>>> print(open('my_file_20.cif').read())   # mmCIF, N, CA and C atoms
data_target
#
loop_
_atom_site.label_atom_id
_atom_site.label_comp_id
_atom_site.auth_asym_id
_atom_site.auth_seq_id
_atom_site.Cartn_x
_atom_site.Cartn_y
_atom_site.Cartn_z
N GLY A 89 118.68 49.36 158.31
CA GLY A 89 117.93 48.15 158.07
C GLY A 89 118.35 47.01 158.98
N LYS A 90 119.00 46.03 158.39
CA LYS A 90 119.36 44.82 159.13
C LYS A 90 120.20 45.15 160.36
N GLN A 91 121.21 46.01 160.17
CA GLN A 91 122.08 46.41 161.28
C GLN A 91 121.26 46.98 162.42
N ARG A 92 120.34 47.85 162.08
CA ARG A 92 119.54 48.52 163.09
C ARG A 92 118.70 47.53 163.87
N ARG A 93 118.04 46.64 163.15
CA ARG A 93 117.18 45.67 163.84
C ARG A 93 118.01 44.83 164.79
N ALA A 94 119.19 44.44 164.34
CA ALA A 94 120.04 43.61 165.19
C ALA A 94 120.53 44.41 166.40
N ALA A 95 120.84 45.68 166.18
CA ALA A 95 121.40 46.50 167.25
C ALA A 95 120.34 46.93 168.27
N SER A 96 119.09 47.08 167.83
CA SER A 96 118.10 47.67 168.71
C SER A 96 117.19 46.65 169.38
N LYS A 97 117.42 45.37 169.14
CA LYS A 97 116.51 44.36 169.69
C LYS A 97 117.25 43.28 170.45
N GLU A 98 116.56 42.69 171.37
CA GLU A 98 117.07 41.49 172.03
C GLU A 98 116.94 40.35 171.03
N PRO A 99 117.75 39.30 171.19
CA PRO A 99 117.59 38.16 170.29
C PRO A 99 116.19 37.58 170.39
N LYS A 100 115.68 37.11 169.29
CA LYS A 100 114.31 36.56 169.27
C LYS A 100 114.37 35.05 169.11
N GLU A 101 113.25 34.42 169.49
CA GLU A 101 113.14 32.98 169.31
C GLU A 101 112.99 32.64 167.83
N GLU A 102 112.19 33.45 167.11
CA GLU A 102 111.94 33.14 165.70
C GLU A 102 113.20 33.38 164.88
N SER A 103 113.20 32.84 163.67
CA SER A 103 114.37 33.00 162.81
C SER A 103 114.55 34.47 162.45
N GLU A 104 115.79 34.84 162.17
CA GLU A 104 116.12 36.24 161.85
C GLU A 104 115.36 36.71 160.61
N ALA A 105 115.27 35.84 159.60
CA ALA A 105 114.57 36.20 158.36
C ALA A 105 113.11 36.53 158.65
N GLU A 106 112.50 35.75 159.51
CA GLU A 106 111.11 35.97 159.86
C GLU A 106 110.92 37.32 160.55
N SER A 107 111.82 37.63 161.49
CA SER A 107 111.66 38.88 162.24
C SER A 107 111.90 40.08 161.32
N GLU A 108 112.76 39.91 160.31
CA GLU A 108 112.96 41.01 159.38
C GLU A 108 111.72 41.25 158.53
N GLU A 109 111.03 40.18 158.17
CA GLU A 109 109.80 40.34 157.41
C GLU A 109 108.75 41.06 158.24
N ASP A 110 108.61 40.65 159.48
CA ASP A 110 107.60 41.24 160.35
C ASP A 110 107.85 42.72 160.61
N ASN A 111 109.11 43.11 160.59
CA ASN A 111 109.46 44.48 160.95
C ASN A 111 110.26 45.13 159.83
N ALA A 112 109.72 45.09 158.63
CA ALA A 112 110.43 45.62 157.47
C ALA A 112 110.78 47.09 157.63
N ASP A 113 110.02 47.81 158.45
CA ASP A 113 110.30 49.23 158.65
C ASP A 113 111.35 49.45 159.72
N GLY A 114 111.81 48.38 160.36
CA GLY A 114 112.85 48.50 161.36
C GLY A 114 112.31 48.76 162.75
N SER A 115 111.01 48.78 162.93
CA SER A 115 110.47 49.06 164.26
C SER A 115 110.49 47.81 165.11
N ALA A 116 110.65 47.99 166.39
CA ALA A 116 110.61 46.87 167.32
C ALA A 116 109.15 46.59 167.62
N SER A 117 108.76 45.32 167.67
CA SER A 117 107.36 45.02 167.92
C SER A 117 107.04 44.97 169.40
N SER A 118 107.69 44.08 170.14
CA SER A 118 107.33 43.93 171.55
C SER A 118 108.25 44.72 172.48
N GLU A 119 109.46 45.02 172.00
CA GLU A 119 110.40 45.75 172.84
C GLU A 119 110.04 47.23 172.88
N ALA A 120 110.63 47.94 173.83
CA ALA A 120 110.41 49.39 173.91
C ALA A 120 110.93 50.01 172.61
N GLU A 121 110.16 50.94 172.07
CA GLU A 121 110.54 51.58 170.81
C GLU A 121 111.82 52.40 170.96
N VAL A 122 112.71 52.23 170.02
CA VAL A 122 113.91 53.06 169.94
C VAL A 122 113.78 53.83 168.64
N SER A 123 113.80 55.14 168.71
CA SER A 123 113.65 55.91 167.48
C SER A 123 114.89 55.73 166.61
N TRP A 124 114.76 56.01 165.31
CA TRP A 124 115.89 55.89 164.40
C TRP A 124 117.01 56.82 164.87
N ILE A 125 116.64 58.01 165.30
CA ILE A 125 117.65 58.98 165.74
C ILE A 125 118.41 58.45 166.95
N GLN A 126 117.69 57.90 167.92
CA GLN A 126 118.36 57.32 169.10
C GLN A 126 119.28 56.18 168.69
N TRP A 127 118.76 55.31 167.81
CA TRP A 127 119.55 54.17 167.34
C TRP A 127 120.81 54.66 166.63
N PHE A 128 120.66 55.60 165.71
CA PHE A 128 121.79 56.08 164.92
C PHE A 128 122.85 56.72 165.81
N CYS A 129 122.42 57.52 166.77
CA CYS A 129 123.37 58.20 167.65
C CYS A 129 124.08 57.23 168.59
N SER A 130 123.49 56.05 168.82
CA SER A 130 124.10 55.08 169.73
C SER A 130 125.10 54.16 169.03
N LEU A 131 125.16 54.20 167.70
CA LEU A 131 126.09 53.33 166.98
C LEU A 131 127.54 53.72 167.27
N GLN A 132 128.40 52.70 167.29
CA GLN A 132 129.82 52.96 167.48
C GLN A 132 130.32 53.83 166.33
N GLY A 133 131.06 54.87 166.65
CA GLY A 133 131.54 55.80 165.64
C GLY A 133 130.66 57.03 165.50
N ASN A 134 129.47 57.00 166.09
CA ASN A 134 128.56 58.15 166.02
C ASN A 134 128.45 58.87 167.35
N GLU A 135 129.45 58.69 168.20
CA GLU A 135 129.41 59.29 169.54
C GLU A 135 129.37 60.82 169.50
N PHE A 136 129.87 61.40 168.41
CA PHE A 136 129.93 62.86 168.34
C PHE A 136 128.61 63.48 167.92
N PHE A 137 127.68 62.65 167.47
CA PHE A 137 126.34 63.15 167.13
C PHE A 137 125.52 63.33 168.40
N THR A 138 124.65 64.32 168.38
CA THR A 138 123.67 64.47 169.45
C THR A 138 122.30 64.20 168.82
N GLU A 139 121.32 63.91 169.65
CA GLU A 139 119.99 63.62 169.13
C GLU A 139 119.28 64.92 168.74
N VAL A 140 119.05 65.07 167.45
CA VAL A 140 118.35 66.26 166.95
C VAL A 140 116.88 66.15 167.34
N ALA A 141 116.35 67.24 167.90
CA ALA A 141 114.95 67.26 168.33
C ALA A 141 114.03 67.03 167.12
N GLU A 142 113.01 66.20 167.32
CA GLU A 142 112.12 65.84 166.21
C GLU A 142 111.41 67.06 165.63
N ASP A 143 111.05 68.03 166.48
CA ASP A 143 110.37 69.22 165.95
C ASP A 143 111.29 70.02 165.02
N PHE A 144 112.61 69.93 165.23
CA PHE A 144 113.56 70.59 164.33
C PHE A 144 113.55 69.88 162.97
N VAL A 145 113.51 68.56 163.00
CA VAL A 145 113.53 67.76 161.76
C VAL A 145 112.23 67.90 160.98
N THR A 146 111.11 68.10 161.67
CA THR A 146 109.83 68.19 160.97
C THR A 146 109.52 69.60 160.46
N ASP A 147 110.35 70.57 160.82
CA ASP A 147 110.15 71.94 160.34
C ASP A 147 110.86 72.12 159.00
N ASP A 148 110.07 72.23 157.93
CA ASP A 148 110.63 72.33 156.58
C ASP A 148 111.65 73.46 156.42
N PHE A 149 111.47 74.54 157.16
CA PHE A 149 112.40 75.67 157.06
C PHE A 149 113.83 75.22 157.36
N ASN A 150 113.98 74.34 158.35
CA ASN A 150 115.31 73.87 158.76
C ASN A 150 115.95 72.94 157.73
N LEU A 151 115.15 72.45 156.79
CA LEU A 151 115.64 71.49 155.81
C LEU A 151 115.82 72.11 154.43
N THR A 152 115.63 73.42 154.34
CA THR A 152 115.71 74.12 153.06
C THR A 152 116.98 73.76 152.30
N GLY A 153 116.80 73.33 151.05
CA GLY A 153 117.94 73.03 150.18
C GLY A 153 118.51 71.63 150.31
N LEU A 154 118.13 70.90 151.35
CA LEU A 154 118.72 69.57 151.54
C LEU A 154 118.18 68.55 150.54
N GLY A 155 116.99 68.79 150.02
CA GLY A 155 116.38 67.86 149.07
C GLY A 155 117.22 67.65 147.82
N THR A 156 117.99 68.66 147.45
CA THR A 156 118.82 68.54 146.24
C THR A 156 120.18 67.90 146.55
N GLN A 157 120.52 67.77 147.83
CA GLN A 157 121.84 67.23 148.19
C GLN A 157 121.83 65.74 148.51
N VAL A 158 120.65 65.19 148.71
CA VAL A 158 120.55 63.79 149.14
C VAL A 158 119.62 63.02 148.21
N PRO A 159 120.11 61.88 147.66
CA PRO A 159 119.21 61.06 146.84
C PRO A 159 118.12 60.44 147.71
N TYR A 160 116.99 60.15 147.12
CA TYR A 160 115.87 59.54 147.86
C TYR A 160 115.50 60.36 149.10
N TYR A 161 115.56 61.68 148.96
CA TYR A 161 115.36 62.58 150.10
C TYR A 161 114.10 62.27 150.93
N ASP A 162 112.97 62.15 150.26
CA ASP A 162 111.71 61.93 150.99
C ASP A 162 111.72 60.61 151.76
N TYR A 163 112.24 59.57 151.11
CA TYR A 163 112.34 58.27 151.78
C TYR A 163 113.30 58.36 152.97
N ALA A 164 114.44 59.03 152.75
CA ALA A 164 115.44 59.16 153.81
C ALA A 164 114.86 59.91 155.01
N LEU A 165 114.11 60.97 154.74
CA LEU A 165 113.49 61.74 155.82
C LEU A 165 112.47 60.89 156.57
N ASP A 166 111.73 60.07 155.84
CA ASP A 166 110.77 59.17 156.49
C ASP A 166 111.47 58.19 157.42
N ILE A 167 112.64 57.69 157.01
CA ILE A 167 113.40 56.77 157.87
C ILE A 167 113.81 57.49 159.15
N ILE A 168 114.36 58.70 159.01
CA ILE A 168 114.81 59.46 160.18
C ILE A 168 113.66 59.71 161.15
N LEU A 169 112.48 59.97 160.60
CA LEU A 169 111.31 60.28 161.44
C LEU A 169 110.47 59.05 161.80
N ASP A 170 110.97 57.86 161.43
CA ASP A 170 110.26 56.60 161.73
C ASP A 170 108.85 56.57 161.13
N VAL A 171 108.71 57.13 159.93
CA VAL A 171 107.41 57.12 159.25
C VAL A 171 107.33 55.85 158.40
N GLU A 172 106.27 55.09 158.60
CA GLU A 172 106.07 53.88 157.80
C GLU A 172 105.27 54.26 156.56
N THR A 173 105.78 53.87 155.38
CA THR A 173 105.05 54.15 154.15
C THR A 173 104.81 52.86 153.38
N PRO A 174 103.64 52.74 152.75
CA PRO A 174 103.34 51.52 151.99
C PRO A 174 104.33 51.28 150.85
N GLN A 175 104.93 52.35 150.31
CA GLN A 175 105.88 52.20 149.21
C GLN A 175 107.11 51.39 149.61
N ASP A 176 107.44 51.38 150.92
CA ASP A 176 108.61 50.65 151.39
C ASP A 176 108.59 49.19 150.92
N GLU A 177 107.40 48.62 150.86
CA GLU A 177 107.25 47.21 150.46
C GLU A 177 107.73 46.99 149.02
N MET A 178 107.61 48.02 148.18
CA MET A 178 107.91 47.86 146.76
C MET A 178 109.37 48.14 146.41
N LEU A 179 110.17 48.52 147.36
CA LEU A 179 111.56 48.84 147.09
C LEU A 179 112.41 47.59 147.04
N THR A 180 113.40 47.59 146.14
CA THR A 180 114.34 46.47 146.09
C THR A 180 115.28 46.60 147.28
N GLU A 181 115.99 45.52 147.58
CA GLU A 181 116.94 45.56 148.70
C GLU A 181 118.03 46.60 148.42
N GLN A 182 118.45 46.71 147.16
CA GLN A 182 119.48 47.68 146.79
C GLN A 182 118.97 49.11 147.03
N GLN A 183 117.72 49.39 146.62
CA GLN A 183 117.15 50.71 146.84
C GLN A 183 117.06 51.00 148.34
N GLN A 184 116.64 49.99 149.10
CA GLN A 184 116.52 50.15 150.55
C GLN A 184 117.87 50.52 151.17
N GLU A 185 118.94 49.86 150.71
CA GLU A 185 120.28 50.17 151.21
C GLU A 185 120.70 51.58 150.84
N LEU A 186 120.39 52.00 149.60
CA LEU A 186 120.72 53.36 149.17
C LEU A 186 119.97 54.39 150.01
N ILE A 187 118.71 54.09 150.33
CA ILE A 187 117.90 55.01 151.12
C ILE A 187 118.43 55.10 152.55
N GLU A 188 118.82 53.95 153.11
CA GLU A 188 119.37 53.96 154.47
C GLU A 188 120.67 54.76 154.52
N SER A 189 121.49 54.61 153.49
CA SER A 189 122.72 55.37 153.40
C SER A 189 122.40 56.87 153.27
N ALA A 190 121.41 57.19 152.44
CA ALA A 190 120.99 58.58 152.26
C ALA A 190 120.47 59.16 153.58
N ALA A 191 119.78 58.35 154.36
CA ALA A 191 119.25 58.81 155.66
C ALA A 191 120.39 59.20 156.59
N GLU A 192 121.47 58.43 156.57
CA GLU A 192 122.62 58.74 157.43
C GLU A 192 123.27 60.06 157.00
N VAL A 193 123.42 60.25 155.68
CA VAL A 193 123.98 61.50 155.17
C VAL A 193 123.06 62.67 155.52
N LEU A 194 121.77 62.49 155.29
CA LEU A 194 120.79 63.54 155.58
C LEU A 194 120.81 63.91 157.06
N TYR A 195 120.89 62.91 157.93
CA TYR A 195 120.94 63.19 159.36
C TYR A 195 122.18 64.03 159.70
N GLY A 196 123.30 63.70 159.07
CA GLY A 196 124.52 64.49 159.28
C GLY A 196 124.35 65.94 158.88
N LEU A 197 123.67 66.16 157.75
CA LEU A 197 123.44 67.53 157.28
C LEU A 197 122.48 68.28 158.20
N ILE A 198 121.43 67.58 158.65
CA ILE A 198 120.47 68.20 159.58
C ILE A 198 121.17 68.50 160.91
N HIS A 199 121.99 67.56 161.36
CA HIS A 199 122.73 67.71 162.62
C HIS A 199 123.63 68.94 162.57
N ALA A 200 124.30 69.13 161.43
CA ALA A 200 125.21 70.28 161.28
C ALA A 200 124.46 71.60 161.47
N ARG A 201 123.22 71.64 161.00
CA ARG A 201 122.40 72.85 161.17
C ARG A 201 121.87 72.95 162.60
N TYR A 202 121.46 71.81 163.16
CA TYR A 202 120.87 71.79 164.50
C TYR A 202 121.84 72.28 165.57
N ILE A 203 123.11 71.89 165.45
CA ILE A 203 124.06 72.27 166.51
C ILE A 203 124.46 73.75 166.43
N LEU A 204 123.93 74.46 165.46
CA LEU A 204 124.13 75.91 165.41
C LEU A 204 123.00 76.64 166.14
N THR A 205 121.95 75.89 166.54
CA THR A 205 120.86 76.49 167.31
C THR A 205 121.23 76.50 168.79
N HIS A 206 120.53 77.30 169.56
CA HIS A 206 120.81 77.36 171.00
C HIS A 206 120.67 75.97 171.64
N ARG A 207 119.57 75.30 171.31
CA ARG A 207 119.31 73.97 171.88
C ARG A 207 120.40 72.97 171.49
N GLY A 208 120.77 73.00 170.21
CA GLY A 208 121.80 72.09 169.73
C GLY A 208 123.15 72.36 170.38
N MET A 209 123.49 73.64 170.53
CA MET A 209 124.75 73.99 171.19
C MET A 209 124.75 73.54 172.65
N GLN A 210 123.61 73.68 173.30
CA GLN A 210 123.50 73.26 174.69
C GLN A 210 123.72 71.75 174.82
N GLN A 211 123.12 70.98 173.90
CA GLN A 211 123.30 69.53 173.92
C GLN A 211 124.76 69.16 173.68
N MET A 212 125.42 69.85 172.75
CA MET A 212 126.83 69.57 172.48
C MET A 212 127.69 69.97 173.68
N LEU A 213 127.35 71.07 174.33
CA LEU A 213 128.08 71.49 175.53
C LEU A 213 127.94 70.43 176.62
N ASP A 214 126.73 69.89 176.78
CA ASP A 214 126.51 68.83 177.77
C ASP A 214 127.37 67.61 177.45
N LYS A 215 127.45 67.24 176.16
CA LYS A 215 128.28 66.11 175.76
C LYS A 215 129.75 66.40 176.07
N TYR A 216 130.17 67.64 175.81
CA TYR A 216 131.55 68.04 176.09
C TYR A 216 131.86 67.92 177.58
N LYS A 217 130.94 68.43 178.40
CA LYS A 217 131.14 68.40 179.85
C LYS A 217 131.18 66.97 180.39
N LYS A 218 130.42 66.07 179.76
CA LYS A 218 130.41 64.66 180.18
C LYS A 218 131.66 63.93 179.70
N GLY A 219 132.45 64.57 178.85
CA GLY A 219 133.66 63.94 178.34
C GLY A 219 133.42 63.03 177.14
N ASP A 220 132.29 63.19 176.47
CA ASP A 220 131.98 62.35 175.32
C ASP A 220 132.99 62.49 174.18
N PHE A 221 133.70 63.59 174.13
CA PHE A 221 134.67 63.83 173.07
C PHE A 221 136.08 63.47 173.51
N GLY A 222 136.20 62.89 174.70
CA GLY A 222 137.50 62.55 175.23
C GLY A 222 138.06 63.70 176.07
N ARG A 223 139.20 63.45 176.67
CA ARG A 223 139.82 64.47 177.51
C ARG A 223 141.26 64.69 177.04
N CYS A 224 141.72 65.90 177.19
CA CYS A 224 143.12 66.22 176.86
C CYS A 224 144.00 65.59 177.94
N PRO A 225 145.01 64.81 177.54
CA PRO A 225 145.84 64.13 178.54
C PRO A 225 146.67 65.08 179.42
N ARG A 226 146.82 66.34 179.00
CA ARG A 226 147.64 67.27 179.80
C ARG A 226 146.90 67.79 180.99
#
>>> encode(input="my_file_20.cif", output="structure tokens")
Amino acid sequence: GKQRRAASKEPKEESEAESEEDNADGSASSEAEVSWIQWFCSLQGNEFFTEVAEDFVTDDFNLTGLGTQVPYYDYALDIILDVETPQDEMLTEQQQELIESAAEVLYGLIHARYILTHRGMQQMLDKYKKGDFGRCPR
């Protein structure tokens, strides 16, 4: 939510409260779109995550069983996939925070499955080769 909007946008002329109202779904209006997955993977502390391909996330087979492990599963999945839903307007700020937290957990669970695929392993290998995980001092 708020963190994402602040992290993914240039400062605006209008007041912060106003820009949050205009972009309640977290999307950037005039700036180049940054997907939730790109934003999440770019956060400090999330360097070890790779960007899960959207077609992997939209394939229900890959998500089997995750609905019972994450609260607000459908809302959380919508956040990950940048789906805007009219129901978002009716959520309390507390519910919104719980859903955003659930989206981060859900992404971690999806990521764990994705990096077991050939494509996911290749992306992690590329990160390893670039030194994203650090280097052994020896």
>>> axis_aligned_box(input="my_file_20.cif", around="range 145-149 of chain A", padding_each_side="6 Å", output="AutoDock Vina command-line options")
--center_x 111.7 --center_y 71.7 --center_z 159.7 --size_x 16.3 --size_y 19.9 --size_z 18.6
>>> resolve_selection(input="my_file_20.cif", expression="the PyMOL selection byres (((chain A and resi 134-145 and name CA) around 9) and name CA)", output="JSON, numbers by chain")
{"A": [125, 126, 128, 129, 130, 131, 132, 133, 146, 147, 148, 149, 150, 151, 165, 168, 169, 195, 196, 198, 199, 202, 203, 207, 208, 211, 212, 215, 220, 221]}
>>> atom_distance(input="my_file_20.cif", atom1="atom C of Ala164 in chain A", atom2="atom N of His206 in chain A")
23.4 Å
>>> atom_distance(input="my_file_20.cif", atom1="CA of Gly153 in chain A", atom2="CA of Met178 in chain A")
27.3 Å
>>> resolve_selection(input="my_file_20.cif", expression="the PyMOL selection byres (((chain A and resi 188 and name CA) around 10) and name CA)", output="PDB file with N, CA and C atoms, keeping the file's coordinate frame")
ATOM      1  N   GLY A  89     118.680  49.360 158.310  1.00  0.00           N
ATOM      2  CA  GLY A  89     117.930  48.150 158.070  1.00  0.00           C
ATOM      3  C   GLY A  89     118.350  47.010 158.980  1.00  0.00           C
ATOM      4  N   TYR A 160     116.990  60.150 147.120  1.00  0.00           N
ATOM      5  CA  TYR A 160     115.870  59.540 147.860  1.00  0.00           C
ATOM      6  C   TYR A 160     115.500  60.360 149.100  1.00  0.00           C
ATOM      7  N   TYR A 163     112.240  59.570 151.110  1.00  0.00           N
ATOM      8  CA  TYR A 163     112.340  58.270 151.780  1.00  0.00           C
ATOM      9  C   TYR A 163     113.300  58.360 152.970  1.00  0.00           C
ATOM     10  N   ALA A 164     114.440  59.030 152.750  1.00  0.00           N
ATOM     11  CA  ALA A 164     115.440  59.160 153.810  1.00  0.00           C
ATOM     12  C   ALA A 164     114.860  59.910 155.010  1.00  0.00           C
ATOM     13  N   LEU A 165     114.110  60.970 154.740  1.00  0.00           N
ATOM     14  CA  LEU A 165     113.490  61.740 155.820  1.00  0.00           C
ATOM     15  C   LEU A 165     112.470  60.890 156.570  1.00  0.00           C
ATOM     16  N   ILE A 167     112.640  57.690 157.010  1.00  0.00           N
ATOM     17  CA  ILE A 167     113.400  56.770 157.870  1.00  0.00           C
ATOM     18  C   ILE A 167     113.810  57.490 159.150  1.00  0.00           C
ATOM     19  N   ILE A 168     114.360  58.700 159.010  1.00  0.00           N
ATOM     20  CA  ILE A 168     114.810  59.460 160.180  1.00  0.00           C
ATOM     21  C   ILE A 168     113.660  59.710 161.150  1.00  0.00           C
ATOM     22  N   GLN A 182     118.450  46.710 147.160  1.00  0.00           N
ATOM     23  CA  GLN A 182     119.480  47.680 146.790  1.00  0.00           C
ATOM     24  C   GLN A 182     118.970  49.110 147.030  1.00  0.00           C
ATOM     25  N   GLN A 183     117.720  49.390 146.620  1.00  0.00           N
ATOM     26  CA  GLN A 183     117.150  50.710 146.840  1.00  0.00           C
ATOM     27  C   GLN A 183     117.060  51.000 148.340  1.00  0.00           C
ATOM     28  N   GLN A 184     116.640  49.990 149.100  1.00  0.00           N
ATOM     29  CA  GLN A 184     116.520  50.150 150.550  1.00  0.00           C
ATOM     30  C   GLN A 184     117.870  50.520 151.170  1.00  0.00           C
ATOM     31  N   GLU A 185     118.940  49.860 150.710  1.00  0.00           N
ATOM     32  CA  GLU A 185     120.280  50.170 151.210  1.00  0.00           C
ATOM     33  C   GLU A 185     120.700  51.580 150.840  1.00  0.00           C
ATOM     34  N   LEU A 186     120.390  52.000 149.600  1.00  0.00           N
ATOM     35  CA  LEU A 186     120.720  53.360 149.170  1.00  0.00           C
ATOM     36  C   LEU A 186     119.970  54.390 150.010  1.00  0.00           C
ATOM     37  N   ILE A 187     118.710  54.090 150.330  1.00  0.00           N
ATOM     38  CA  ILE A 187     117.900  55.010 151.120  1.00  0.00           C
ATOM     39  C   ILE A 187     118.430  55.100 152.550  1.00  0.00           C
ATOM     40  N   SER A 189     121.490  54.610 153.490  1.00  0.00           N
ATOM     41  CA  SER A 189     122.720  55.370 153.400  1.00  0.00           C
ATOM     42  C   SER A 189     122.400  56.870 153.270  1.00  0.00           C
ATOM     43  N   ALA A 190     121.410  57.190 152.440  1.00  0.00           N
ATOM     44  CA  ALA A 190     120.990  58.580 152.260  1.00  0.00           C
ATOM     45  C   ALA A 190     120.470  59.160 153.580  1.00  0.00           C
ATOM     46  N   ALA A 191     119.780  58.350 154.360  1.00  0.00           N
ATOM     47  CA  ALA A 191     119.250  58.810 155.660  1.00  0.00           C
ATOM     48  C   ALA A 191     120.390  59.200 156.590  1.00  0.00           C
ATOM     49  N   GLU A 192     121.470  58.430 156.570  1.00  0.00           N
ATOM     50  CA  GLU A 192     122.620  58.740 157.430  1.00  0.00           C
ATOM     51  C   GLU A 192     123.270  60.060 157.000  1.00  0.00           C
ATOM     52  N   VAL A 193     123.420  60.250 155.680  1.00  0.00           N
ATOM     53  CA  VAL A 193     123.980  61.500 155.170  1.00  0.00           C
ATOM     54  C   VAL A 193     123.060  62.670 155.520  1.00  0.00           C
ATOM     55  N   LEU A 194     121.770  62.490 155.290  1.00  0.00           N
ATOM     56  CA  LEU A 194     120.790  63.540 155.580  1.00  0.00           C
ATOM     57  C   LEU A 194     120.810  63.910 157.060  1.00  0.00           C
TER      58      LEU A 194
END
>>> closest_residue(input="my_file_20.cif", among="A:Thr152, A:Thr205, A:Ala200, A:Asp162", to="Gln175 in chain A", atoms="only C-alpha atoms")
A:Asp162
>>> atom_distance(input="my_file_20.cif", atom1="CA of Gln157 in chain A", atom2="atom N of Leu197 in chain A")
9.8 Å
>>> build_atoms(input="my_file_20.cif", residues="range 212-218 of chain A", atoms="all heavy atoms", output="PDB file, in the frame of the given file")
ATOM      1  N   MET A 212     125.420  69.850 172.750  1.00  0.00           N
ATOM      2  CA  MET A 212     126.830  69.570 172.480  1.00  0.00           C
ATOM      3  C   MET A 212     127.690  69.970 173.680  1.00  0.00           C
ATOM      4  O   MET A 212     128.645  69.263 174.018  1.00  0.00           O
ATOM      5  CB  MET A 212     127.291  70.280 171.202  1.00  0.00           C
ATOM      6  CG  MET A 212     126.629  69.753 169.935  1.00  0.00           C
ATOM      7  SD  MET A 212     126.787  67.977 169.664  1.00  0.00           S
ATOM      8  CE  MET A 212     128.406  67.914 168.895  1.00  0.00           C
ATOM      9  N   LEU A 213     127.350  71.070 174.330  1.00  0.00           N
ATOM     10  CA  LEU A 213     128.080  71.490 175.530  1.00  0.00           C
ATOM     11  C   LEU A 213     127.940  70.430 176.620  1.00  0.00           C
ATOM     12  O   LEU A 213     128.926  70.075 177.279  1.00  0.00           O
ATOM     13  CB  LEU A 213     127.564  72.839 176.043  1.00  0.00           C
ATOM     14  CG  LEU A 213     128.210  73.361 177.340  1.00  0.00           C
ATOM     15  CD1 LEU A 213     129.718  73.560 177.164  1.00  0.00           C
ATOM     16  CD2 LEU A 213     127.547  74.657 177.780  1.00  0.00           C
ATOM     17  N   ASP A 214     126.730  69.890 176.780  1.00  0.00           N
ATOM     18  CA  ASP A 214     126.510  68.830 177.770  1.00  0.00           C
ATOM     19  C   ASP A 214     127.370  67.610 177.450  1.00  0.00           C
ATOM     20  O   ASP A 214     127.970  67.013 178.351  1.00  0.00           O
ATOM     21  CB  ASP A 214     125.034  68.442 177.834  1.00  0.00           C
ATOM     22  CG  ASP A 214     124.154  69.569 178.374  1.00  0.00           C
ATOM     23  OD1 ASP A 214     124.693  70.525 178.992  1.00  0.00           O
ATOM     24  OD2 ASP A 214     122.920  69.504 178.167  1.00  0.00           O
ATOM     25  N   LYS A 215     127.450  67.240 176.160  1.00  0.00           N
ATOM     26  CA  LYS A 215     128.280  66.110 175.760  1.00  0.00           C
ATOM     27  C   LYS A 215     129.750  66.400 176.070  1.00  0.00           C
ATOM     28  O   LYS A 215     130.471  65.534 176.540  1.00  0.00           O
ATOM     29  CB  LYS A 215     128.125  65.817 174.256  1.00  0.00           C
ATOM     30  CG  LYS A 215     126.791  65.182 173.885  1.00  0.00           C
ATOM     31  CD  LYS A 215     126.659  64.951 172.390  1.00  0.00           C
ATOM     32  CE  LYS A 215     127.438  63.793 171.868  1.00  0.00           C
ATOM     33  NZ  LYS A 215     127.033  62.475 172.334  1.00  0.00           N
ATOM     34  N   TYR A 216     130.170  67.640 175.810  1.00  0.00           N
ATOM     35  CA  TYR A 216     131.550  68.040 176.090  1.00  0.00           C
ATOM     36  C   TYR A 216     131.860  67.920 177.580  1.00  0.00           C
ATOM     37  O   TYR A 216     132.875  67.350 177.983  1.00  0.00           O
ATOM     38  CB  TYR A 216     131.792  69.470 175.602  1.00  0.00           C
ATOM     39  CG  TYR A 216     133.116  70.040 176.028  1.00  0.00           C
ATOM     40  CD1 TYR A 216     134.297  69.658 175.397  1.00  0.00           C
ATOM     41  CD2 TYR A 216     133.191  70.969 177.065  1.00  0.00           C
ATOM     42  CE1 TYR A 216     135.517  70.171 175.795  1.00  0.00           C
ATOM     43  CE2 TYR A 216     134.411  71.488 177.470  1.00  0.00           C
ATOM     44  CZ  TYR A 216     135.569  71.085 176.836  1.00  0.00           C
ATOM     45  OH  TYR A 216     136.776  71.590 177.234  1.00  0.00           O
ATOM     46  N   LYS A 217     130.940  68.430 178.400  1.00  0.00           N
ATOM     47  CA  LYS A 217     131.140  68.400 179.850  1.00  0.00           C
ATOM     48  C   LYS A 217     131.180  66.970 180.390  1.00  0.00           C
ATOM     49  O   LYS A 217     131.866  66.695 181.366  1.00  0.00           O
ATOM     50  CB  LYS A 217     130.053  69.205 180.567  1.00  0.00           C
ATOM     51  CG  LYS A 217     130.225  70.708 180.406  1.00  0.00           C
ATOM     52  CD  LYS A 217     129.104  71.462 181.097  1.00  0.00           C
ATOM     53  CE  LYS A 217     129.303  72.964 181.012  1.00  0.00           C
ATOM     54  NZ  LYS A 217     128.122  73.697 181.521  1.00  0.00           N
ATOM     55  N   LYS A 218     130.420  66.070 179.760  1.00  0.00           N
ATOM     56  CA  LYS A 218     130.410  64.660 180.180  1.00  0.00           C
ATOM     57  C   LYS A 218     131.660  63.930 179.700  1.00  0.00           C
ATOM     58  O   LYS A 218     131.893  62.784 180.074  1.00  0.00           O
ATOM     59  CB  LYS A 218     129.176  63.933 179.637  1.00  0.00           C
ATOM     60  CG  LYS A 218     127.887  64.278 180.342  1.00  0.00           C
ATOM     61  CD  LYS A 218     126.764  63.303 179.973  1.00  0.00           C
ATOM     62  CE  LYS A 218     126.625  63.125 178.489  1.00  0.00           C
ATOM     63  NZ  LYS A 218     125.417  62.442 178.048  1.00  0.00           N
TER      64      LYS A 218
END
